[in-house]
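K.L.:
Okay, so here is query-v6.csv, and as you'll see once you scroll down, it has CSV, C-alpha atoms and all ligand atoms.
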```
chain,number,residue,atom,x,y,z
A,25,MET,CA,-22.3,8.6,-10.0
A,26,TYR,CA,-19.5,11.1,-10.0
A,27,ASN,CA,-15.9,10.9,-11.3
A,28,SER,CA,-12.9,12.0,-9.4
A,29,LYS,CA,-10.0,14.0,-10.7
A,30,ILE,CA,-6.7,15.3,-9.4
A,31,THR,CA,-7.0,19.0,-8.8
A,32,GLY,CA,-3.8,19.7,-6.9
A,33,LEU,CA,-0.3,18.2,-6.6
A,34,GLY,CA,2.6,18.8,-4.4
A,35,TYR,CA,5.8,17.3,-3.1
A,36,TYR,CA,8.4,17.8,-0.4
A,37,LEU,CA,12.0,16.4,-0.2
A,38,PRO,CA,14.4,16.7,2.7
A,39,GLU,CA,17.3,19.1,1.8
A,40,ASN,CA,20.1,16.6,2.6
A,41,VAL,CA,21.5,15.1,-0.6
A,42,VAL,CA,23.4,11.7,-0.2
A,43,THR,CA,25.4,10.8,-3.2
A,44,ASN,CA,26.5,7.2,-4.0
A,45,ASP,CA,30.0,8.3,-3.1
A,46,ASP,CA,28.8,9.6,0.3
A,47,LEU,CA,27.6,6.0,1.1
A,48,LYS,CA,31.1,4.7,0.9
A,49,GLU,CA,31.6,6.3,4.4
A,50,PHE,CA,29.5,3.5,5.9
A,51,MET,CA,29.8,0.6,3.5
A,52,ASP,CA,31.8,-1.1,0.8
A,53,THR,CA,30.0,0.0,-2.4
A,54,SER,CA,30.6,2.1,-5.4
A,55,ASP,CA,28.9,4.7,-7.6
A,56,GLU,CA,29.4,2.4,-10.5
A,57,TRP,CA,27.7,-0.6,-8.9
A,58,ILE,CA,24.7,1.4,-7.8
A,59,GLN,CA,24.2,3.3,-11.0
A,60,GLU,CA,24.6,0.1,-13.2
A,61,ARG,CA,22.1,-2.0,-11.2
A,62,THR,CA,19.6,0.7,-10.2
A,63,GLY,CA,20.2,3.9,-12.1
A,64,ILE,CA,20.4,5.8,-8.8
A,65,LYS,CA,22.9,8.7,-8.5
A,66,GLU,CA,21.7,10.2,-5.3
A,67,ARG,CA,18.9,10.3,-2.8
A,68,ARG,CA,17.6,12.5,0.0
A,69,TRP,CA,18.0,11.4,3.6
A,70,ILE,CA,16.7,13.4,6.5
A,71,ASP,CA,19.6,14.7,8.5
A,72,PRO,CA,18.4,14.6,12.1
A,73,LYS,CA,21.2,16.9,13.2
A,74,THR,CA,19.9,19.8,11.0
A,75,SER,CA,16.2,19.0,10.4
A,76,ASP,CA,13.2,17.9,12.3
A,77,ASP,CA,11.5,16.5,9.2
A,78,SER,CA,9.4,13.3,9.8
A,79,THR,CA,7.2,11.1,7.7
A,80,SER,CA,4.1,13.1,8.7
A,81,SER,CA,5.7,16.6,8.6
A,82,MET,CA,7.0,15.9,5.1
A,83,GLY,CA,3.5,14.7,4.2
A,84,ALA,CA,1.9,17.8,5.7
A,85,LYS,CA,4.3,20.1,3.7
A,86,ALA,CA,3.5,18.3,0.4
A,87,ALA,CA,-0.2,18.5,1.3
A,88,LYS,CA,-0.1,22.2,1.8
A,89,VAL,CA,1.2,22.8,-1.7
A,90,ALA,CA,-1.4,20.4,-3.2
A,91,ILE,CA,-4.3,22.0,-1.4
A,92,GLU,CA,-3.2,25.5,-2.5
A,93,ARG,CA,-2.7,24.4,-6.1
A,94,ALA,CA,-6.3,22.9,-6.0
A,95,GLY,CA,-7.5,26.4,-5.2
A,96,LEU,CA,-8.8,25.1,-1.9
A,97,THR,CA,-8.2,25.7,1.8
A,98,LYS,CA,-7.6,23.0,4.5
A,99,ASP,CA,-11.3,23.5,5.6
A,100,ASP,CA,-12.5,22.3,2.1
A,101,ILE,CA,-10.9,18.8,2.6
A,102,ASP,CA,-13.3,16.1,3.7
A,103,PHE,CA,-11.0,13.2,4.3
A,104,ILE,CA,-7.3,12.3,4.5
A,105,ILE,CA,-5.7,9.1,3.2
A,106,PHE,CA,-2.0,8.6,4.2
A,107,ALA,CA,0.1,5.9,2.6
A,108,THR,CA,3.4,4.9,4.3
A,109,LEU,CA,5.4,2.0,5.6
A,110,SER,CA,7.4,4.3,7.9
A,111,PRO,CA,5.0,6.1,10.2
A,112,ASP,CA,6.4,8.4,12.9
A,113,MET,CA,4.9,6.1,15.5
A,114,TYR,CA,4.0,2.4,15.6
A,115,PHE,CA,0.5,3.8,16.2
A,116,PRO,CA,-1.4,6.0,15.5
A,117,GLY,CA,-0.6,6.5,11.8
A,118,GLY,CA,0.4,9.6,9.7
A,119,GLY,CA,-3.1,10.7,8.7
A,120,VAL,CA,-4.1,12.0,12.1
A,121,ARG,CA,-0.8,13.8,12.5
A,122,VAL,CA,-1.4,15.7,9.3
A,123,GLN,CA,-4.9,16.5,10.4
A,124,ASP,CA,-3.3,18.1,13.5
A,125,MET,CA,-0.3,19.7,11.8
A,126,LEU,CA,-2.4,21.5,9.2
A,127,ASP,CA,-5.0,22.4,11.8
A,128,MET,CA,-7.8,20.8,9.8
A,129,PRO,CA,-11.3,20.2,11.1
A,130,THR,CA,-12.0,16.8,12.8
A,131,ILE,CA,-12.3,15.0,9.4
A,132,GLY,CA,-11.6,11.3,9.1
A,133,ALA,CA,-8.0,10.1,8.5
A,134,LEU,CA,-7.1,6.7,7.1
A,135,ASP,CA,-3.7,5.1,6.8
A,136,VAL,CA,-2.9,2.7,4.0
A,137,ARG,CA,-0.2,0.1,4.6
A,138,ASN,CA,0.7,-1.1,1.1
A,139,GLN,CA,4.3,-0.1,0.8
A,140,CYS,CA,5.4,0.6,-2.8
A,141,SER,CA,1.9,0.4,-4.2
A,142,GLY,CA,0.5,2.4,-1.2
A,143,PHE,CA,-0.2,5.5,-3.3
A,144,ILE,CA,-2.0,3.5,-6.0
A,145,TYR,CA,-4.2,1.8,-3.3
A,146,ALA,CA,-4.8,5.2,-1.5
A,147,LEU,CA,-5.9,6.9,-4.8
A,148,SER,CA,-8.2,4.0,-5.5
A,149,VAL,CA,-9.8,4.2,-2.1
A,150,ALA,CA,-10.2,8.0,-2.5
A,151,ASP,CA,-11.8,7.5,-5.9
A,152,GLN,CA,-14.4,5.1,-4.5
A,153,PHE,CA,-15.4,7.6,-1.7
A,154,ILE,CA,-15.9,10.3,-4.3
A,155,LYS,CA,-17.8,8.1,-6.8
A,156,THR,CA,-20.3,7.2,-4.1
A,157,GLY,CA,-20.8,10.9,-3.4
A,158,MET,CA,-19.7,10.6,0.2
A,159,TYR,CA,-16.8,13.1,-0.1
A,160,LYS,CA,-16.0,15.9,-2.4
A,161,ASN,CA,-12.3,16.6,-1.8
A,162,ILE,CA,-9.9,14.1,-0.4
A,163,LEU,CA,-6.2,14.6,0.5
A,164,VAL,CA,-4.1,11.6,-0.6
A,165,ILE,CA,-0.6,11.5,0.7
A,166,GLY,CA,2.4,9.2,0.2
A,167,SER,CA,5.4,9.8,2.5
A,168,GLU,CA,8.4,7.9,3.8
A,169,ASN,CA,11.3,8.4,6.1
A,170,HIS,CA,13.4,5.4,5.2
A,171,SER,CA,16.8,6.7,6.3
A,172,GLY,CA,16.0,6.4,10.0
A,173,GLY,CA,15.5,2.6,9.7
A,174,LEU,CA,18.1,1.4,7.2
A,175,GLU,CA,21.1,-0.6,8.1
A,176,LYS,CA,24.0,1.7,7.2
A,177,SER,CA,26.7,-0.9,6.8
A,178,THR,CA,28.1,-3.3,4.2
A,179,ARG,CA,25.7,-6.0,5.6
A,180,GLY,CA,22.7,-3.8,4.6
A,181,ARG,CA,24.0,-2.4,1.4
A,182,GLY,CA,21.8,-4.5,-0.9
A,183,VAL,CA,18.8,-2.6,0.5
A,184,THR,CA,20.1,0.6,1.9
A,185,VAL,CA,21.5,2.1,-1.3
A,186,ILE,CA,18.1,1.9,-3.0
A,187,PHE,CA,15.8,3.8,-0.6
A,188,GLY,CA,15.3,7.6,-0.1
A,189,ASP,CA,13.1,9.9,1.9
A,190,GLY,CA,10.3,12.2,0.6
A,191,ALA,CA,6.6,12.9,0.3
A,192,GLY,CA,4.0,13.8,-2.3
A,193,ALA,CA,0.3,14.7,-2.1
A,194,ALA,CA,-2.7,15.0,-4.3
A,195,VAL,CA,-6.1,16.5,-3.9
A,196,LEU,CA,-8.7,14.3,-5.5
A,197,SER,CA,-12.0,16.2,-6.1
A,198,ARG,CA,-15.4,15.5,-7.4
A,199,CYS,CA,-15.7,15.9,-11.2
A,200,GLU,CA,-18.9,16.1,-13.2
A,201,GLU,CA,-17.2,16.0,-16.6
A,202,GLU,CA,-17.8,12.6,-18.3
A,203,GLY,CA,-14.7,10.7,-19.4
A,204,LYS,CA,-12.4,12.8,-17.3
A,205,GLY,CA,-10.3,12.0,-14.2
A,206,ILE,CA,-9.7,8.5,-12.8
A,207,LEU,CA,-11.1,6.0,-15.4
A,208,SER,CA,-10.2,2.9,-13.5
A,209,SER,CA,-8.0,1.4,-10.8
A,210,HIS,CA,-6.9,-2.2,-10.4
A,211,LEU,CA,-5.4,-3.7,-7.2
A,212,HIS,CA,-3.7,-7.0,-6.5
A,213,SER,CA,-1.9,-8.9,-3.9
A,214,GLU,CA,0.0,-12.2,-3.4
A,215,GLY,CA,0.7,-12.6,0.3
A,216,LYS,CA,2.6,-15.9,0.0
A,217,TYR,CA,5.6,-13.7,-0.9
A,218,ALA,CA,5.3,-11.4,2.2
A,219,ARG,CA,8.7,-12.5,3.4
A,220,GLU,CA,10.5,-11.7,0.2
A,221,LEU,CA,10.4,-7.9,1.0
A,222,MET,CA,9.6,-7.1,4.6
A,223,LEU,CA,10.6,-5.7,8.0
A,224,ASP,CA,10.0,-8.4,10.6
A,225,GLY,CA,10.2,-6.4,13.8
A,226,PRO,CA,9.1,-4.5,15.8
A,227,ALA,CA,5.7,-6.1,15.3
A,228,THR,CA,3.5,-8.3,17.3
A,229,GLY,CA,5.3,-11.3,15.9
A,230,ARG,CA,8.6,-9.8,16.9
A,231,TRP,CA,8.4,-7.2,19.8
A,232,VAL,CA,11.4,-5.1,20.7
A,233,ASP,CA,11.7,-7.0,24.0
A,234,ALA,CA,12.3,-10.3,22.2
A,235,ILE,CA,14.9,-8.7,20.0
A,236,MET,CA,16.7,-7.0,22.9
A,237,GLU,CA,16.6,-10.2,25.1
A,238,GLU,CA,18.3,-12.2,22.5
A,239,ASN,CA,20.9,-9.4,22.1
A,240,ASN,CA,22.2,-11.1,19.1
A,241,PRO,CA,24.4,-9.0,16.8
A,242,ASP,CA,23.5,-11.1,13.9
A,243,ASP,CA,19.8,-10.4,14.3
A,244,THR,CA,18.7,-8.2,11.4
A,245,SER,CA,15.0,-8.6,12.0
A,246,TYR,CA,14.6,-4.9,12.7
A,247,TYR,CA,16.1,-3.9,9.3
A,248,PRO,CA,14.2,-4.2,6.0
A,249,TYR,CA,14.9,-7.5,4.1
A,250,MET,CA,14.7,-7.8,0.4
A,251,ASN,CA,15.3,-10.8,-1.9
A,252,GLY,CA,16.3,-8.4,-4.7
A,253,GLN,CA,16.4,-10.7,-7.7
A,254,PHE,CA,13.2,-12.4,-6.7
A,255,VAL,CA,11.5,-9.1,-6.4
A,256,PHE,CA,12.9,-7.9,-9.7
A,257,LYS,CA,11.5,-10.9,-11.6
A,258,HIS,CA,8.1,-10.5,-10.2
A,259,ALA,CA,8.0,-6.7,-10.6
A,260,VAL,CA,8.6,-6.8,-14.3
A,261,VAL,CA,5.7,-9.3,-14.8
A,262,ARG,CA,3.2,-7.6,-12.5
A,263,PHE,CA,3.9,-4.1,-13.7
A,264,SER,CA,3.1,-5.2,-17.2
A,265,GLU,CA,0.0,-7.1,-16.2
A,266,ALA,CA,-1.3,-4.1,-14.2
A,267,ILE,CA,-0.8,-1.7,-17.1
A,268,VAL,CA,-2.5,-4.1,-19.6
A,269,GLU,CA,-5.4,-4.7,-17.3
A,270,GLY,CA,-5.9,-0.9,-16.9
A,271,LEU,CA,-5.8,-0.3,-20.7
A,272,GLN,CA,-8.1,-3.2,-21.5
A,273,ALA,CA,-10.7,-2.2,-19.0
A,274,ASN,CA,-11.0,1.1,-20.8
A,275,GLY,CA,-10.8,-0.2,-24.4
A,276,LEU,CA,-7.4,1.5,-24.8
A,277,GLN,CA,-4.1,0.4,-26.5
A,278,LYS,CA,-0.5,1.0,-25.4
A,279,GLU,CA,-0.3,3.6,-28.2
A,280,ASP,CA,-2.9,5.7,-26.3
A,281,ILE,CA,-0.5,6.2,-23.3
A,282,ASP,CA,0.7,9.8,-23.1
A,283,MET,CA,2.5,9.5,-19.8
A,284,LEU,CA,3.4,6.4,-17.8
A,285,ILE,CA,4.5,7.0,-14.3
A,286,PRO,CA,6.0,3.7,-13.0
A,287,HIS,CA,6.8,3.3,-9.3
A,288,GLN,CA,10.5,4.3,-9.1
A,289,ALA,CA,11.8,0.9,-7.8
A,290,ASN,CA,14.7,0.5,-10.2
A,291,LEU,CA,15.5,2.3,-13.4
A,292,ARG,CA,16.1,-1.1,-15.1
A,293,ILE,CA,12.6,-2.2,-14.3
A,294,ALA,CA,11.2,1.1,-15.7
A,295,GLN,CA,13.3,0.7,-18.9
A,296,PHE,CA,12.2,-2.9,-19.4
A,297,ILE,CA,8.5,-1.8,-19.2
A,298,GLN,CA,9.2,1.2,-21.5
A,299,ARG,CA,10.7,-1.2,-24.1
A,300,LYS,CA,7.9,-3.7,-23.7
A,301,PHE,CA,5.2,-1.2,-24.3
A,302,GLN,CA,7.3,0.6,-27.0
A,303,LEU,CA,7.0,3.9,-25.3
A,304,SER,CA,9.2,6.9,-26.2
A,305,ASP,CA,11.3,8.8,-23.6
A,306,ASP,CA,8.6,11.5,-23.7
A,307,ASN,CA,5.9,9.0,-22.6
A,308,VAL,CA,7.6,7.7,-19.4
A,309,TYR,CA,8.8,9.8,-16.5
A,310,ASN,CA,11.6,8.6,-14.2
A,311,ASN,CA,13.3,10.5,-11.3
A,312,ILE,CA,14.9,7.6,-9.4
A,313,MET,CA,18.3,8.9,-10.4
A,314,LYS,CA,17.8,11.9,-8.0
A,315,TYR,CA,15.6,10.4,-5.2
A,316,GLY,CA,16.1,6.6,-5.1
A,317,ASN,CA,13.0,4.5,-4.2
A,318,THR,CA,10.7,6.5,-2.0
A,319,THR,CA,8.1,3.7,-1.8
A,320,ALA,CA,4.6,5.2,-1.1
A,321,ALA,CA,5.9,8.6,-2.1
A,322,SER,CA,7.5,7.6,-5.4
A,323,VAL,CA,4.6,7.7,-7.8
A,324,ILE,CA,3.1,10.9,-6.5
A,325,ILE,CA,6.5,12.7,-6.4
A,326,ALA,CA,7.2,11.6,-10.0
A,327,LEU,CA,3.6,12.6,-11.1
A,328,THR,CA,4.0,16.0,-9.6
A,329,GLU,CA,7.4,16.6,-11.2
A,330,ALA,CA,6.2,15.5,-14.6
A,331,TRP,CA,3.2,17.8,-14.3
A,332,GLU,CA,5.3,20.7,-13.1
A,333,LEU,CA,7.6,20.2,-16.1
A,334,GLY,CA,4.6,20.5,-18.5
A,335,LYS,CA,4.9,16.9,-19.5
A,336,ILE,CA,1.2,16.2,-18.7
A,337,LYS,CA,-1.4,18.2,-20.5
A,338,ASP,CA,-5.2,18.5,-20.5
A,339,ASN,CA,-6.8,15.3,-21.9
A,340,ASP,CA,-3.6,13.2,-21.8
A,341,LEU,CA,-3.9,9.6,-20.8
A,342,VAL,CA,-1.8,9.1,-17.7
A,343,VAL,CA,-1.1,5.6,-16.4
A,344,LEU,CA,0.3,5.1,-12.9
A,345,ALA,CA,1.6,1.6,-11.9
A,346,ALA,CA,3.4,0.2,-8.9
A,347,PHE,CA,4.6,-3.1,-7.5
A,348,GLY,CA,6.1,-3.8,-4.1
A,349,SER,CA,6.2,-5.5,-0.7
A,350,GLY,CA,3.2,-7.8,0.0
A,351,PHE,CA,3.5,-8.5,-2.8
A,352,THR,CA,1.0,-5.9,-3.8
A,353,TRP,CA,0.6,-4.2,-7.1
A,354,GLY,CA,-1.8,-2.2,-9.2
A,355,SER,CA,-2.5,0.6,-11.7
A,356,VAL,CA,-4.6,3.7,-12.1
A,357,VAL,CA,-5.6,5.1,-15.5
A,358,ILE,CA,-6.4,8.8,-15.6
A,359,ARG,CA,-7.8,11.0,-18.4
A,360,TRP,CA,-6.2,14.3,-17.3
B,1,LIG,C1,18.7,-5.0,-5.3
B,1,LIG,C2,19.3,-5.1,-6.7
B,1,LIG,C3,19.7,-3.8,-7.3
B,1,LIG,C4,20.5,-6.0,-6.5
B,1,LIG,O1,21.1,-6.3,-7.8
B,1,LIG,P1,21.5,-7.8,-8.1
B,1,LIG,O2,22.1,-7.8,-9.5
B,1,LIG,O3,20.3,-8.6,-7.9
B,1,LIG,O4,22.6,-8.0,-7.1
B,1,LIG,P2,22.8,-9.2,-6.1
B,1,LIG,O5,21.9,-9.0,-4.9
B,1,LIG,O6,22.7,-10.5,-6.8
B,1,LIG,O7,24.3,-9.0,-5.6
B,1,LIG,C5,25.4,-9.2,-6.5
B,1,LIG,C6,26.6,-8.9,-5.7
B,1,LIG,O8,26.7,-7.5,-5.4
B,1,LIG,C7,26.9,-7.3,-4.0
B,1,LIG,N1,26.2,-6.1,-3.6
B,1,LIG,C8,25.0,-5.9,-3.1
B,1,LIG,N2,24.7,-4.6,-2.8
B,1,LIG,C9,25.8,-3.9,-3.2
B,1,LIG,C10,26.1,-2.6,-3.1
B,1,LIG,N3,25.3,-1.6,-2.7
B,1,LIG,N4,27.4,-2.2,-3.5
B,1,LIG,C11,28.3,-3.1,-4.0
B,1,LIG,N5,28.0,-4.4,-4.0
B,1,LIG,C12,26.8,-4.8,-3.6
B,1,LIG,C13,26.3,-8.5,-3.4
B,1,LIG,O9,26.9,-8.7,-2.1
B,1,LIG,C14,26.7,-9.6,-4.4
B,1,LIG,O10,28.1,-9.9,-4.2
B,1,LIG,P3,28.5,-11.4,-4.3
B,1,LIG,O11,28.2,-11.8,-5.7
B,1,LIG,O12,30.0,-11.3,-4.0
B,1,LIG,O13,27.8,-12.2,-3.3
B,1,LIG,C15,18.3,-5.8,-7.7
B,1,LIG,O14,18.1,-7.1,-7.3
B,1,LIG,C16,17.0,-5.1,-7.7
B,1,LIG,O15,16.9,-4.0,-8.1
B,1,LIG,N6,15.9,-5.8,-7.3
B,1,LIG,C17,14.6,-5.2,-7.3
B,1,LIG,C18,14.5,-4.3,-6.2
B,1,LIG,C19,13.2,-3.6,-6.1
B,1,LIG,O16,12.6,-3.2,-7.1
B,1,LIG,N7,12.8,-3.3,-4.9
B,1,LIG,C20,11.7,-2.5,-4.6
B,1,LIG,C21,10.5,-3.1,-5.0
B,1,LIG,S1,9.3,-2.1,-4.6
```
Before we go any further, please render this structure as structure tokens.

P.N.:
Amino acid sequence: MYNSKITGLGYYLPENVVTNDDLKEFMDTSDEWIQERTGIKERRWIDPKTSDDSTSSMGAKAAKVAIERAGLTKDDIDFIIFATLSPDMYFPGGGVRVQDMLDMPTIGALDVRNQCSGFIYALSVADQFIKTGMYKNILVIGSENHSGGLEKSTRGRGVTVIFGDGAGAAVLSRCEEEGKGILSSHLHSEGKYARELMLDGPATGRWVDAIMEENNPDDTSYYPYMNGQFVFKHAVVRFSEAIVEGLQANGLQKEDIDMLIPHQANLRIAQFIQRKFQLSDDNVYNNIMKYGNTTAASVIIALTEAWELGKIKDNDLVVLAAFGSGFTWGSVVIRW
């Protein structure tokens, strides 16, 4: 059996910076409220007037960088896994769009619909394909265009201020060095909480026709809904469990963690986890202050930035962990 390891990393963010003060144009909010509750100072939102960025085009741009940094070309990639909750189209997904945009051979493309833990799930799937020997190099992408679907008004402020756009990508490659690369991944779900963080329509349970027919201005079913405090309480518990599970499976302790990359849901959640595991500031990487919560892109953008800043070195123990809508959560433990 082979191991898999990350050989290339890249990210792409839309140029348009939206500060907390900018949000006051559409809603009753304040920089103070947002920073105090979430740690977010600004986020990137695609500006459709000046940019033709989309979920898949941002994913393709991030992927290009990752492939180049892996020392590969698009023709070396055997498979694409694309994680998003905001595909350009209801169907098909983003993976096939990237295959076309990067003019890749007719390789397989799989979309993963696991929201904030989407990249963790995608990486785990890629790892299994490499372990079995089926593929050698897999492109794993997380990308989101949230801004196009957020309710930009006071009614939507509890959700809208948190989310940002962006994309990240990794190339996962076959590795024959023992004890290196992905050591384990653990995935979980608890679907009874599906409605605590969701977007109800359009979907087969809530088609656009039904929404339009009702023509009800109070209908918010086509905007994301989040029961913030409920999500927060579950997130802190599940994040911790996923990290402990990953460490235990490899006979490791919290002191062995060189770098924890938590999904960037809320700086308060990340700080709680940091305290719980007694990690120093050098051992946790956060960038939610600059980008908000970019859902399936958040872990991979943060991992790429941390690596670019020289915060991840050869042989480091890197732990990725995420929690989100579904609920779904999980962790990946990597020996870099
Ligand atoms: C969303 C979150 C920041 C909200 O913080 P909170 O302390 O729970 O705030 P509440 O929702 O209870 O709202 C408190 C008050 O602030 C108001 N408020 C909500 N959003 C606001 C905003 N952007 N600006 C100003 N006021 C706002 C509410 O209307 C409410 O007012 P009220 O008391 O007069 O009714 C927080 O619950 C959270 O981060 N949850 C986890 C979210 C998460 O991780 N999501 C992603 C998972 S992947």

K.L.:
List as a PDB file with C-alpha atoms, keeping the file's coordinate frame the protein and nucleic acid residues lying within 7 Å of ligand LIG 1 (chain B), with only C-alpha atoms and all ligand atoms counted.

P.N.:
```pdb
ATOM      1  CA  ASP A  52      31.800  -1.100   0.800  1.00  0.00           C
ATOM      2  CA  THR A  53      30.000   0.000  -2.400  1.00  0.00           C
ATOM      3  CA  SER A  54      30.600   2.100  -5.400  1.00  0.00           C
ATOM      4  CA  TRP A  57      27.700  -0.600  -8.900  1.00  0.00           C
ATOM      5  CA  ILE A  58      24.700   1.400  -7.800  1.00  0.00           C
ATOM      6  CA  ARG A  61      22.100  -2.000 -11.200  1.00  0.00           C
ATOM      7  CA  THR A  62      19.600   0.700 -10.200  1.00  0.00           C
ATOM      8  CA  CYS A 140       5.400   0.600  -2.800  1.00  0.00           C
ATOM      9  CA  ARG A 181      24.000  -2.400   1.400  1.00  0.00           C
ATOM     10  CA  GLY A 182      21.800  -4.500  -0.900  1.00  0.00           C
ATOM     11  CA  VAL A 183      18.800  -2.600   0.500  1.00  0.00           C
ATOM     12  CA  VAL A 185      21.500   2.100  -1.300  1.00  0.00           C
ATOM     13  CA  GLY A 252      16.300  -8.400  -4.700  1.00  0.00           C
ATOM     14  CA  GLN A 253      16.400 -10.700  -7.700  1.00  0.00           C
ATOM     15  CA  VAL A 255      11.500  -9.100  -6.400  1.00  0.00           C
ATOM     16  CA  PHE A 256      12.900  -7.900  -9.700  1.00  0.00           C
ATOM     17  CA  ALA A 259       8.000  -6.700 -10.600  1.00  0.00           C
ATOM     18  CA  ALA A 289      11.800   0.900  -7.800  1.00  0.00           C
ATOM     19  CA  ASN A 290      14.700   0.500 -10.200  1.00  0.00           C
ATOM     20  CA  THR A 319       8.100   3.700  -1.800  1.00  0.00           C
ATOM     21  CA  PHE A 347       4.600  -3.100  -7.500  1.00  0.00           C
ATOM     22  CA  GLY A 348       6.100  -3.800  -4.100  1.00  0.00           C
ATOM     23  CA  SER A 349       6.200  -5.500  -0.700  1.00  0.00           C
TER      24      SER A 349
END
```

K.L.:
Which residue, A:Lys29, A:Val343, A:Thr244, A:Arg93, has the smallest gap to Lys176 of chain A when you use all atoms listed in the file?

P.N.:
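When distances to Lys176 of chain A are compared using all atoms listed in the file, the smallest one comes from A:Thr244.
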
K.L.:
What is the atom CA of Ala321 of chain A-atom CA of Glu214 of chain A distance in Å, reported with one decimal?

P.N.:
21.7 Å

K.L.:
So that I can check the surroundings of segment 297-314 of chain A, please list as a list in words every protein, DNA and RNA residue that reaches within 6 Å of it, counting only C-alpha atoms and ignoring chain neighbours fewer than 2 positions away.

P.N.:
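The neighbour list is Gly63, Ile64, Lys65, Glu66, Arg67, Asp282, Met283, Leu284, Ile285, Gln288, Ala294, Gln295 and Gly316 of chain A.
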
K.L.:
Give the answer as one residue: which of A:Glu92, A:Arg292, A:Thr130, A:Asn240 has the shortest atom-to-atom distance to Val260 of chain A, using only C-alpha atoms?

P.N.:
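The answer is A:Arg292, which sits nearest to Val260 of chain A.
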
K.L.:
Mind giving me the straight-line distance from atom CA of Pro116 of chain A to atom CA of Gly132 of chain A in Å, one decimal?

P.N.:
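Between atom CA of Pro116 of chain A and atom CA of Gly132 of chain A the gap works out to 13.2 Å.
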
K.L.:
Could you name the residues that touch Lys73 of chain A at 12 Å or less, counting only C-alpha atoms, but leaving out those on the same chain fewer than 4 positions away, as a PyMOL selection string?

P.N.:
chain A and resi 40+69+77

K.L.:
Would you pick out the contacts of Tyr159 of chain A at 8 Å or less, using all atoms listed in the file, so that residues sharing its chain but fewer than 3 positions from it are not included, and give the list as a ChimeraX atom specification?

P.N.:
/A:102-103,153-154,156,162,198
